[in-house]
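Structure below is coords25.cif: mmCIF, C-alpha atoms.
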```cif
data_my_file
#
loop_
_atom_site.label_atom_id
_atom_site.label_comp_id
_atom_site.auth_asym_id
_atom_site.auth_seq_id
_atom_site.Cartn_x
_atom_site.Cartn_y
_atom_site.Cartn_z
CA MET P 34 72.30 68.44 -196.69
CA ALA P 35 68.63 69.24 -196.08
CA VAL P 36 66.73 71.17 -198.77
CA LYS P 37 66.30 74.07 -196.37
CA ASP P 38 70.06 74.34 -195.85
CA GLU P 39 70.73 74.04 -199.59
CA VAL P 40 68.27 76.86 -200.29
CA ARG P 41 69.92 79.01 -197.60
CA LYS P 42 73.35 78.41 -199.15
CA ALA P 43 72.11 79.15 -202.68
CA LEU P 44 70.54 82.44 -201.57
CA HIS P 45 73.68 83.44 -199.68
CA ASP P 46 75.90 82.58 -202.63
CA ASN P 47 73.74 84.75 -204.90
CA ARG P 48 72.98 87.66 -202.59
CA GLU P 49 73.04 90.24 -205.40
CA GLU P 50 70.45 88.56 -207.64
CA TYR P 51 67.04 86.96 -207.55
CA LEU P 52 66.71 83.19 -207.84
CA SER P 53 63.39 81.90 -209.14
CA GLY P 54 61.68 78.86 -207.72
CA GLU P 55 62.29 77.14 -211.03
CA GLN P 56 66.04 77.89 -210.91
CA LEU P 57 66.31 76.63 -207.34
CA SER P 58 64.24 73.55 -208.20
CA GLU P 59 66.52 72.64 -211.12
CA LYS P 60 69.70 73.48 -209.23
CA LEU P 61 68.81 71.37 -206.18
CA GLY P 62 66.90 68.63 -207.99
CA VAL P 63 63.72 68.99 -205.93
CA SER P 64 60.16 70.15 -206.61
CA ARG P 65 59.10 73.80 -206.51
CA ALA P 66 56.77 72.86 -203.65
CA ALA P 67 59.83 71.70 -201.68
CA ILE P 68 61.53 75.04 -202.44
CA TRP P 69 58.46 76.96 -201.23
CA LYS P 70 58.35 74.86 -198.03
CA ALA P 71 62.08 75.45 -197.41
CA VAL P 72 61.73 79.22 -197.91
CA ASN P 73 58.89 79.35 -195.37
CA ALA P 74 60.95 77.34 -192.88
CA LEU P 75 63.89 79.75 -193.30
CA ARG P 76 61.59 82.72 -192.74
CA GLU P 77 60.36 81.12 -189.50
CA GLU P 78 64.01 80.94 -188.39
CA GLY P 79 64.33 84.70 -188.86
CA LEU P 80 65.84 84.93 -192.34
CA CYS P 81 64.32 87.81 -194.33
CA ILE P 82 63.62 86.46 -197.81
CA GLU P 83 61.86 88.72 -200.28
CA ALA P 84 59.72 87.14 -203.00
CA VAL P 85 58.94 89.15 -206.16
CA THR P 86 56.65 87.92 -208.93
CA ASN P 87 58.52 87.02 -212.14
CA LYS P 88 61.85 87.52 -210.37
CA GLY P 89 62.08 85.03 -207.53
CA TYR P 90 63.64 85.02 -204.08
CA ILE P 91 66.40 87.20 -202.63
CA LEU P 92 67.86 87.74 -199.17
CA THR P 93 67.39 91.25 -197.83
CA SER P 94 70.01 93.09 -195.78
CA SER P 95 68.00 92.48 -192.61
CA SER P 96 68.71 88.75 -192.98
CA GLU P 97 71.77 89.34 -190.84
CA MET P 98 69.63 90.49 -187.90
CA VAL P 99 69.35 88.21 -184.90
CA SER P 100 65.77 87.91 -183.65
CA GLU P 101 64.34 87.01 -180.26
CA GLU P 102 62.66 83.95 -181.75
CA MET P 103 65.98 82.76 -183.17
CA LEU P 104 67.74 83.14 -179.81
CA CYS P 105 64.92 81.40 -177.95
CA ARG P 106 65.42 78.40 -180.24
CA ALA P 107 69.18 78.41 -179.84
CA MET P 108 68.99 78.93 -176.06
CA LYS P 109 66.20 76.49 -175.29
CA ASN P 110 67.87 75.41 -172.04
CA SER P 111 68.47 78.95 -170.77
CA CYS P 112 67.44 79.65 -167.18
CA GLY P 113 66.90 83.37 -167.82
CA ARG P 114 64.89 85.68 -170.01
CA ILE P 115 65.87 86.86 -173.48
CA HIS P 116 65.54 90.50 -174.55
CA VAL P 117 66.45 91.58 -178.09
CA PHE P 118 66.83 95.14 -179.39
CA ASP P 119 67.49 96.06 -182.98
CA VAL P 120 69.28 99.26 -181.89
CA THR P 121 70.00 100.41 -178.34
CA ASP P 122 72.40 102.73 -176.55
CA SER P 123 74.16 99.95 -174.61
CA THR P 124 73.12 96.41 -173.74
CA ASN P 125 74.70 96.86 -170.30
CA LEU P 126 72.52 99.92 -169.65
CA GLN P 127 69.43 98.06 -170.85
CA ALA P 128 70.32 95.08 -168.67
CA LYS P 129 70.55 97.33 -165.60
CA LYS P 130 67.11 98.82 -166.34
CA LEU P 131 65.60 95.36 -166.77
CA VAL P 132 67.07 94.20 -163.45
CA LEU P 133 65.69 97.27 -161.68
CA ASP P 134 62.26 96.67 -163.27
CA LYS P 135 62.46 92.99 -162.22
CA LYS P 136 62.20 91.90 -165.86
CA ALA P 137 65.50 90.02 -165.85
CA ASN P 138 66.95 87.34 -163.60
CA HIS P 139 70.10 85.25 -163.30
CA GLY P 140 71.16 84.00 -166.74
CA SER P 141 69.06 86.53 -168.66
CA LEU P 142 70.47 87.78 -171.95
CA VAL P 143 70.15 91.21 -173.52
CA PHE P 144 71.16 91.38 -177.19
CA ALA P 145 71.33 94.17 -179.78
CA ASN P 146 72.25 94.26 -183.47
CA GLN P 147 73.69 97.74 -182.98
CA GLN P 148 74.76 100.01 -180.09
CA THR P 149 74.89 103.79 -180.26
CA ALA P 150 76.78 104.27 -176.99
CA GLY P 151 78.82 101.12 -176.46
CA ARG P 152 81.44 101.34 -173.71
CA GLY P 153 84.67 99.55 -172.86
CA ARG P 154 87.07 99.49 -169.92
CA LEU P 155 88.62 102.68 -168.53
CA GLY P 156 85.87 104.84 -170.00
CA ARG P 157 86.72 104.08 -173.61
CA ASN P 158 84.13 103.97 -176.38
CA PHE P 159 83.34 100.60 -177.93
CA HIS P 160 82.54 101.04 -181.60
CA SER P 161 79.34 99.08 -182.25
CA PRO P 162 78.19 99.33 -185.90
CA ARG P 163 75.25 97.53 -187.48
CA ASN P 164 75.21 93.74 -187.60
CA GLY P 165 77.75 93.20 -184.81
CA MET P 166 77.06 90.93 -181.85
CA TYR P 167 76.43 92.93 -178.68
CA MET P 168 75.17 91.13 -175.59
CA SER P 169 74.95 91.40 -171.83
CA ILE P 170 74.52 88.44 -169.51
CA ILE P 171 73.06 89.02 -166.05
CA ILE P 172 74.61 87.20 -163.11
CA GLU P 173 73.27 87.03 -159.56
CA PRO P 174 76.51 86.10 -157.76
CA GLU P 175 76.57 83.37 -155.15
CA PHE P 176 80.33 83.54 -154.66
CA ASP P 177 82.28 85.77 -152.31
CA MET P 178 82.91 89.11 -154.01
CA SER P 179 86.60 88.86 -153.15
CA HIS P 180 86.68 86.71 -156.29
CA SER P 181 84.95 89.31 -158.45
CA GLY P 182 88.05 89.78 -160.61
CA LEU P 183 87.45 86.31 -162.01
CA VAL P 184 84.12 87.26 -163.59
CA THR P 185 85.69 88.99 -166.59
CA VAL P 186 88.36 86.28 -166.77
CA SER P 187 85.69 83.58 -166.87
CA ALA P 188 83.78 85.46 -169.59
CA ALA P 189 86.89 85.87 -171.76
CA ALA P 190 87.61 82.14 -171.46
CA ALA P 191 83.99 81.42 -172.41
CA VAL P 192 84.15 83.59 -175.54
CA ALA P 193 87.45 82.06 -176.68
CA GLU P 194 86.20 78.53 -176.08
CA ALA P 195 82.85 79.22 -177.81
CA LEU P 196 84.66 80.57 -180.88
CA HIS P 197 86.68 77.36 -180.96
CA GLN P 198 83.70 75.02 -180.46
CA VAL P 199 81.25 76.76 -182.80
CA CYS P 200 83.48 78.35 -185.44
CA GLY P 201 86.70 76.35 -185.23
CA ILE P 202 88.58 79.59 -184.53
CA ASP P 203 91.79 79.59 -182.51
CA ALA P 204 91.26 82.69 -180.36
CA GLN P 205 93.67 84.21 -177.86
CA ILE P 206 93.07 86.41 -174.81
CA LYS P 207 94.88 89.64 -174.10
CA TRP P 208 94.74 90.29 -170.37
CA VAL P 209 92.30 91.04 -169.08
CA ASN P 210 89.24 91.35 -171.28
CA ASP P 211 90.07 91.34 -174.99
CA VAL P 212 89.80 88.37 -177.35
CA TYR P 213 92.06 88.30 -180.39
CA VAL P 214 92.08 86.30 -183.62
CA GLU P 215 95.17 86.30 -185.84
CA GLY P 216 96.64 89.22 -183.92
CA LYS P 217 93.58 91.47 -184.14
CA LYS P 218 90.97 92.31 -181.50
CA VAL P 219 87.57 90.80 -182.27
CA CYS P 220 85.90 91.07 -178.86
CA GLY P 221 85.85 93.28 -175.79
CA ILE P 222 84.26 92.55 -172.40
CA LEU P 223 83.01 94.97 -169.75
CA THR P 224 81.75 93.73 -166.38
CA GLU P 225 79.75 96.11 -164.19
CA ALA P 226 78.21 95.66 -160.75
CA MET P 227 74.78 96.72 -159.48
CA THR P 228 74.71 97.50 -155.76
CA ASP P 229 71.74 97.29 -153.42
CA PHE P 230 71.60 100.78 -151.87
CA GLU P 231 70.04 99.51 -148.63
CA THR P 232 72.49 96.70 -147.89
CA GLY P 233 75.51 97.85 -149.89
CA ALA P 234 75.77 94.31 -151.28
CA ILE P 235 76.20 93.57 -154.97
CA GLY P 236 72.88 92.30 -156.24
CA ALA P 237 73.79 91.65 -159.85
CA LEU P 238 76.74 91.63 -162.21
CA ILE P 239 76.33 92.63 -165.85
CA ILE P 240 78.78 91.01 -168.26
CA GLY P 241 78.85 92.98 -171.50
CA ILE P 242 80.37 91.25 -174.54
CA GLY P 243 80.85 92.89 -177.93
CA ILE P 244 82.03 90.89 -180.95
CA ASN P 245 82.95 92.43 -184.30
CA THR P 246 81.51 90.71 -187.37
CA SER P 247 82.91 93.26 -189.82
CA THR P 248 85.34 96.16 -189.72
CA ASP P 249 83.99 97.94 -192.82
CA ASP P 250 82.30 100.68 -190.75
CA PHE P 251 85.16 101.13 -188.29
CA PRO P 252 87.09 104.41 -188.04
CA GLU P 253 90.30 104.38 -190.06
CA LYS P 254 92.49 104.77 -186.95
CA ILE P 255 91.39 101.42 -185.47
CA ARG P 256 90.61 99.44 -188.62
CA GLY P 257 94.20 98.21 -188.80
CA ILE P 258 94.12 96.63 -185.34
CA ALA P 259 90.47 95.51 -185.22
CA GLY P 260 89.49 92.08 -186.48
CA ALA P 261 86.16 90.39 -187.09
CA VAL P 262 84.48 87.02 -186.81
CA SER P 263 82.80 86.26 -190.14
CA LEU P 264 79.48 84.45 -189.78
CA GLU P 265 77.24 83.62 -192.73
CA ASP P 266 73.85 84.48 -191.29
CA ALA P 267 71.85 85.36 -188.23
CA LYS P 268 71.26 81.72 -187.34
CA ALA P 269 75.02 81.15 -187.10
CA LYS P 270 75.29 84.23 -184.87
CA ALA P 271 72.49 82.92 -182.63
CA THR P 272 74.30 79.59 -182.26
CA LEU P 273 77.49 81.37 -181.16
CA ILE P 274 75.60 83.67 -178.76
CA ALA P 275 73.88 80.66 -177.18
CA LYS P 276 77.19 78.84 -176.70
CA ILE P 277 78.84 81.93 -175.18
CA SER P 278 75.95 82.37 -172.74
CA GLU P 279 76.03 78.68 -171.81
CA LEU P 280 79.78 78.70 -171.14
CA VAL P 281 79.68 82.00 -169.23
CA LEU P 282 77.08 80.58 -166.87
CA GLU P 283 79.05 77.34 -166.47
CA ASN P 284 82.26 79.25 -165.75
CA VAL P 285 80.67 81.60 -163.24
CA GLN P 286 79.44 78.55 -161.32
CA GLN P 287 83.08 77.58 -160.81
CA ILE P 288 84.14 80.88 -159.22
CA GLY P 289 85.10 80.21 -155.62
CA ASN P 290 86.35 76.69 -156.38
CA SER P 291 90.01 76.07 -155.61
CA ARG P 292 90.94 75.35 -159.23
CA PRO P 293 88.28 76.50 -161.69
CA ALA P 294 88.62 74.77 -165.07
CA PHE P 295 88.31 78.02 -167.01
CA MET P 296 91.63 79.27 -165.61
CA LYS P 297 93.49 76.65 -167.65
CA ILE P 298 91.69 77.83 -170.80
CA TYR P 299 92.47 81.44 -169.93
CA ARG P 300 96.17 80.74 -169.40
CA ASP P 301 96.50 78.39 -172.39
CA ARG P 302 94.96 81.00 -174.68
CA SER P 303 96.89 83.95 -173.26
CA LEU P 304 98.31 86.29 -175.87
CA ILE P 305 100.85 87.88 -173.55
CA LEU P 306 102.37 85.29 -171.21
CA ASP P 307 106.18 85.14 -171.49
CA LYS P 308 106.14 88.23 -173.71
CA ASN P 309 107.51 91.73 -173.23
CA ILE P 310 104.75 94.25 -172.58
CA THR P 311 104.22 97.86 -171.56
CA VAL P 312 102.22 98.52 -168.40
CA TYR P 313 100.03 101.62 -168.15
CA LYS P 314 98.47 102.78 -164.91
CA GLY P 315 95.70 105.34 -164.85
CA LYS P 316 93.46 106.41 -167.70
CA TYR P 317 95.18 107.17 -170.96
CA ARG P 318 94.28 108.23 -174.48
CA GLU P 319 91.95 105.97 -176.41
CA ASP P 320 93.89 106.23 -179.69
CA PRO P 321 96.01 103.03 -179.76
CA THR P 322 98.35 104.52 -182.36
CA VAL P 323 99.54 107.25 -179.98
CA GLU P 324 102.39 106.08 -177.77
CA ILE P 325 102.45 107.47 -174.25
CA GLY P 326 104.51 106.80 -171.18
CA GLY P 327 104.40 103.32 -169.74
CA THR P 328 106.71 100.87 -167.97
CA LYS P 329 108.37 97.98 -169.77
CA ALA P 330 107.94 94.56 -168.19
CA LYS P 331 107.62 90.86 -168.94
CA ALA P 332 104.36 88.98 -168.40
CA VAL P 333 105.40 86.13 -166.11
CA ALA P 334 102.19 84.42 -164.98
CA ILE P 335 98.47 84.76 -164.26
CA ASP P 336 97.52 83.97 -160.67
CA ASP P 337 94.43 82.10 -159.46
CA GLU P 338 92.45 85.35 -159.08
CA GLY P 339 93.19 86.51 -162.63
CA GLY P 340 95.95 88.93 -161.62
CA LEU P 341 98.80 89.39 -164.07
CA ILE P 342 102.24 88.88 -162.55
CA VAL P 343 104.85 91.02 -164.30
CA LYS P 344 108.59 91.42 -163.86
CA TYR P 345 110.17 94.82 -164.49
CA LYS P 346 113.66 95.41 -165.86
CA ASN P 347 115.02 96.10 -162.36
CA GLY P 348 113.92 92.61 -161.28
CA ARG P 349 110.93 93.75 -159.22
CA GLU P 350 107.76 91.68 -159.60
CA GLU P 351 104.22 93.01 -159.26
CA THR P 352 100.77 91.50 -159.51
CA LEU P 353 98.45 93.71 -161.58
CA THR P 354 94.71 93.68 -160.99
CA THR P 355 92.25 95.15 -163.44
CA GLY P 356 91.29 98.56 -162.00
CA GLU P 357 93.04 101.38 -163.84
CA VAL P 358 95.72 99.16 -165.38
CA SER P 359 96.16 98.19 -168.99
CA VAL P 360 98.90 96.49 -170.98
CA ARG P 361 100.10 96.58 -174.57
CA LEU P 362 102.36 94.23 -176.45
#
```
Would you mind writing the file's structure down as structure tokens?
Amino acid sequence: MAVKDEVRKALHDNREEYLSGEQLSEKLGVSRAAIWKAVNALREEGLCIEAVTNKGYILTSSSEMVSEEMLCRAMKNSCGRIHVFDVTDSTNLQAKKLVLDKKANHGSLVFANQQTAGRGRLGRNFHSPRNGMYMSIIIEPEFDMSHSGLVTVSAAAAVAEALHQVCGIDAQIKWVNDVYVEGKKVCGILTEAMTDFETGAIGALIIGIGINTSTDDFPEKIRGIAGAVSLEDAKAKATLIAKISELVLENVQQIGNSRPAFMKIYRDRSLILDKNITVYKGKYREDPTVEIGGTKAKAVAIDDEGGLIVKYKNGREETLTTGEVSVRL
């Protein structure tokens, strides 16, 4: 392991106390000059390391913040622009403004460490506390919009696959836009369209992705069903963000093909196929602990456009599309 990585690990393992250059030097078996060089390299990567005379080095709370510089490094092959906000209302809203101002193009990423007005499907709020991973990817579609339902599907497959490749996490997808780990929701996805008022055509699609990295600040009513992806530092977050963006763009390129590869991932990682579910049509209360009227069914299959085929108790089958439909296990 490189000295820089050993210093990073030592500081993370001792987050509550200062470590002097002498302590680090003895612990790692290198010179104090090597420690100083490693600390400077970590600072250049975006880690906030405080140095206090006669005390030593310590990571500050802002070390968990993803920076624009960090993402630029991780996304060196990106075809779009990168915009980073410490705090914003919603990355989707910011993405729309940037598109309108011609400051964002296909493949551009908008990221925030915190959202104050995060949104989910069906008008729900998306709780977005500090140090989460909140991003929007801008797509200029080249496919026929009759396939638009596959955009969210392709994004969910990208998130699940990125979690597997980067973190070794076995994630599952709850139709249509939620990613689960060990039975708890860790990610939600919201896709929105921007229409050209003159032509009526869709000029851009905004794919909003929110990933929980902690549930400590979540309201009590959802803490029991919300999960989190634990990442050690901002660099690890940047690596995951870069992989998600890369896979989203790859998957979107496949939309319109007869058999897009991401559909196999989506089906293989489905949380609900062959299970009994409850189907809800129309907007309903946000509180997941409150049971309301729905229709019992079995999730039979997912078709090539991302529709969920269900079979009701009376034997009738129906293909559900996203719209105002939601399902619960």
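Nearest residue to Arg300 of chain P among P:Ile82, P:Ile244, P:Ala334, P:Cys220 is P:Ala334, counting all atoms listed in the file.
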Step by step, work through what the PyMOL selection byres ((chain P and resi 165-177) around 7) selects in the shown file, and finish by giving those residues as a PDB file with C-alpha atoms, keeping the file's coordinate frame.
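Result file follows (out_7.pdb):
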```pdb
ATOM      1  CA  THR P 124      73.120  96.410-173.740  1.00  0.00           C
ATOM      2  CA  ASN P 125      74.700  96.860-170.300  1.00  0.00           C
ATOM      3  CA  ALA P 128      70.320  95.080-168.670  1.00  0.00           C
ATOM      4  CA  ASN P 138      66.950  87.340-163.600  1.00  0.00           C
ATOM      5  CA  HIS P 139      70.100  85.250-163.300  1.00  0.00           C
ATOM      6  CA  GLY P 140      71.160  84.000-166.740  1.00  0.00           C
ATOM      7  CA  SER P 141      69.060  86.530-168.660  1.00  0.00           C
ATOM      8  CA  LEU P 142      70.470  87.780-171.950  1.00  0.00           C
ATOM      9  CA  VAL P 143      70.150  91.210-173.520  1.00  0.00           C
ATOM     10  CA  PHE P 144      71.160  91.380-177.190  1.00  0.00           C
ATOM     11  CA  ALA P 145      71.330  94.170-179.780  1.00  0.00           C
ATOM     12  CA  ASN P 146      72.250  94.260-183.470  1.00  0.00           C
ATOM     13  CA  GLN P 147      73.690  97.740-182.980  1.00  0.00           C
ATOM     14  CA  SER P 161      79.340  99.080-182.250  1.00  0.00           C
ATOM     15  CA  PRO P 162      78.190  99.330-185.900  1.00  0.00           C
ATOM     16  CA  ARG P 163      75.250  97.530-187.480  1.00  0.00           C
ATOM     17  CA  ASN P 164      75.210  93.740-187.600  1.00  0.00           C
ATOM     18  CA  MET P 178      82.910  89.110-154.010  1.00  0.00           C
ATOM     19  CA  SER P 179      86.600  88.860-153.150  1.00  0.00           C
ATOM     20  CA  HIS P 180      86.680  86.710-156.290  1.00  0.00           C
ATOM     21  CA  GLY P 236      72.880  92.300-156.240  1.00  0.00           C
ATOM     22  CA  ALA P 237      73.790  91.650-159.850  1.00  0.00           C
ATOM     23  CA  LEU P 238      76.740  91.630-162.210  1.00  0.00           C
ATOM     24  CA  ILE P 239      76.330  92.630-165.850  1.00  0.00           C
ATOM     25  CA  ILE P 240      78.780  91.010-168.260  1.00  0.00           C
ATOM     26  CA  GLY P 241      78.850  92.980-171.500  1.00  0.00           C
ATOM     27  CA  ILE P 242      80.370  91.250-174.540  1.00  0.00           C
ATOM     28  CA  GLY P 243      80.850  92.890-177.930  1.00  0.00           C
ATOM     29  CA  ILE P 244      82.030  90.890-180.950  1.00  0.00           C
ATOM     30  CA  ASN P 245      82.950  92.430-184.300  1.00  0.00           C
ATOM     31  CA  THR P 246      81.510  90.710-187.370  1.00  0.00           C
ATOM     32  CA  ILE P 288      84.140  80.880-159.220  1.00  0.00           C
ATOM     33  CA  GLY P 289      85.100  80.210-155.620  1.00  0.00           C
TER      34      GLY P 289
END
```
With a cut-off of 12 Å, could you pull out the residues of segment 185-279 of chain P touching segment 35-53 of chain P and give me the nearest pair of atoms for each, distance in Å to one decimal, using only C-alpha atoms, ordered by chain and ascending number, as CSV?
```
residue,atom,partner,partner_atom,distance
P:Leu264,CA,P:His45,CA,11.5
P:Glu265,CA,P:His45,CA,7.8
P:Asp266,CA,P:His45,CA,8.5
P:Ala267,CA,P:Arg41,CA,11.5
P:Lys268,CA,P:Arg41,CA,10.7
P:Ala269,CA,P:Arg41,CA,11.9
```
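Our summary of the geometry notes that atom CA of Gly201 of chain P is positioned 14.2 Å from atom CA of Arg302 of chain P.
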Open item on the list: Just want the 7 Å neighbourhood of Val214 of chain P, counted on only C-alpha atoms, with same-chain residues fewer than 3 positions away dropped. Output as a list in words.
Closed with: Asp203, Ala204, Gln205, Lys217, Lys218, Val219 and Gly260 of chain P
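In this model, the gap between atom CA of Ser123 of chain P and atom CA of Ala226 of chain P comes to 15.1 Å.
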TODO: Work out how far apart atom CA of Asp301 of chain P and atom CA of Tyr345 of chain P are and give it in Å to one decimal.
DONE: 22.8 Å
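All residues of protein, DNA or RNA that reach within 12 Å of Asn290 of chain P, judged by all atoms listed in the file and not counting those fewer than 2 positions away in the chain, are Glu175, Phe176, Asp177, His180, Leu183, Asn284, Val285, Gln286, Gln287, Ile288, Arg292, Pro293, Ala294, Phe295, Met296, Asp337 and Glu338 of chain P.
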Let me see the file: selected residues, C-alpha atoms, as a short mmCIF file (atom, residue, chain, number, x, y, z; two decimals), in the frame of the given file.
```
data_model
loop_
_atom_site.label_atom_id
_atom_site.label_comp_id
_atom_site.auth_asym_id
_atom_site.auth_seq_id
_atom_site.Cartn_x
_atom_site.Cartn_y
_atom_site.Cartn_z
CA GLU P 175 76.57 83.37 -155.15
CA PHE P 176 80.33 83.54 -154.66
CA ASP P 177 82.28 85.77 -152.31
CA HIS P 180 86.68 86.71 -156.29
CA LEU P 183 87.45 86.31 -162.01
CA ASN P 284 82.26 79.25 -165.75
CA VAL P 285 80.67 81.60 -163.24
CA GLN P 286 79.44 78.55 -161.32
CA GLN P 287 83.08 77.58 -160.81
CA ILE P 288 84.14 80.88 -159.22
CA ARG P 292 90.94 75.35 -159.23
CA PRO P 293 88.28 76.50 -161.69
CA ALA P 294 88.62 74.77 -165.07
CA PHE P 295 88.31 78.02 -167.01
CA MET P 296 91.63 79.27 -165.61
CA ASP P 337 94.43 82.10 -159.46
CA GLU P 338 92.45 85.35 -159.08
#
```
Open item on the list: What would the selection look like, as a PyMOL selection string, if the PyMOL selection byres ((chain P and resi 330) around 8) were run on the coordinates I just shared?
Closed with: chain P and resi 309-312+328-329+331-332+343-346
Draw an axis-aligned box tight on the listed atoms of segment 99-113 of chain P, then pad every side by 8 Å and write out centre and edge lengths in Å to one decimal as AutoDock Vina command-line options.
```
--center_x 66.0 --center_y 81.8 --center_z -176.0 --size_x 22.7 --size_y 28.8 --size_z 33.7
```
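Closest approach to Thr149 of chain P from the set P:Lys135, P:Ile91, P:Ile274, P:Phe118 is made by P:Phe118, with distances taken over all atoms listed in the file.
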TODO: Name the residues in contact with Lys136 of chain P at a cut-off of 10 Å, using all atoms listed in the file, excluding same-chain residues fewer than 6 positions from it; report them as a ChimeraX atom specification.
DONE: /P:113-116,128-130
Could you save the residues just selected, with C-alpha atoms, as an mmCIF file, in the coordinates of the input?
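Listing of result16.cif after writing:
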```cif
data_model
loop_
_atom_site.group_PDB
_atom_site.id
_atom_site.type_symbol
_atom_site.label_atom_id
_atom_site.label_comp_id
_atom_site.auth_asym_id
_atom_site.auth_seq_id
_atom_site.Cartn_x
_atom_site.Cartn_y
_atom_site.Cartn_z
ATOM 1 C CA GLY P 113 66.900 83.370 -167.820
ATOM 2 C CA ARG P 114 64.890 85.680 -170.010
ATOM 3 C CA ILE P 115 65.870 86.860 -173.480
ATOM 4 C CA HIS P 116 65.540 90.500 -174.550
ATOM 5 C CA ALA P 128 70.320 95.080 -168.670
ATOM 6 C CA LYS P 129 70.550 97.330 -165.600
ATOM 7 C CA LYS P 130 67.110 98.820 -166.340
#
```
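Using the PyMOL selection byres ((chain P and resi 106) around 10) on this structure selects Glu78, Glu101, Glu102, Met103, Leu104, Cys105, Ala107, Met108, Lys109, Asn110, Ser111, Lys268, Ala271, Thr272 and Ala275 of chain P.
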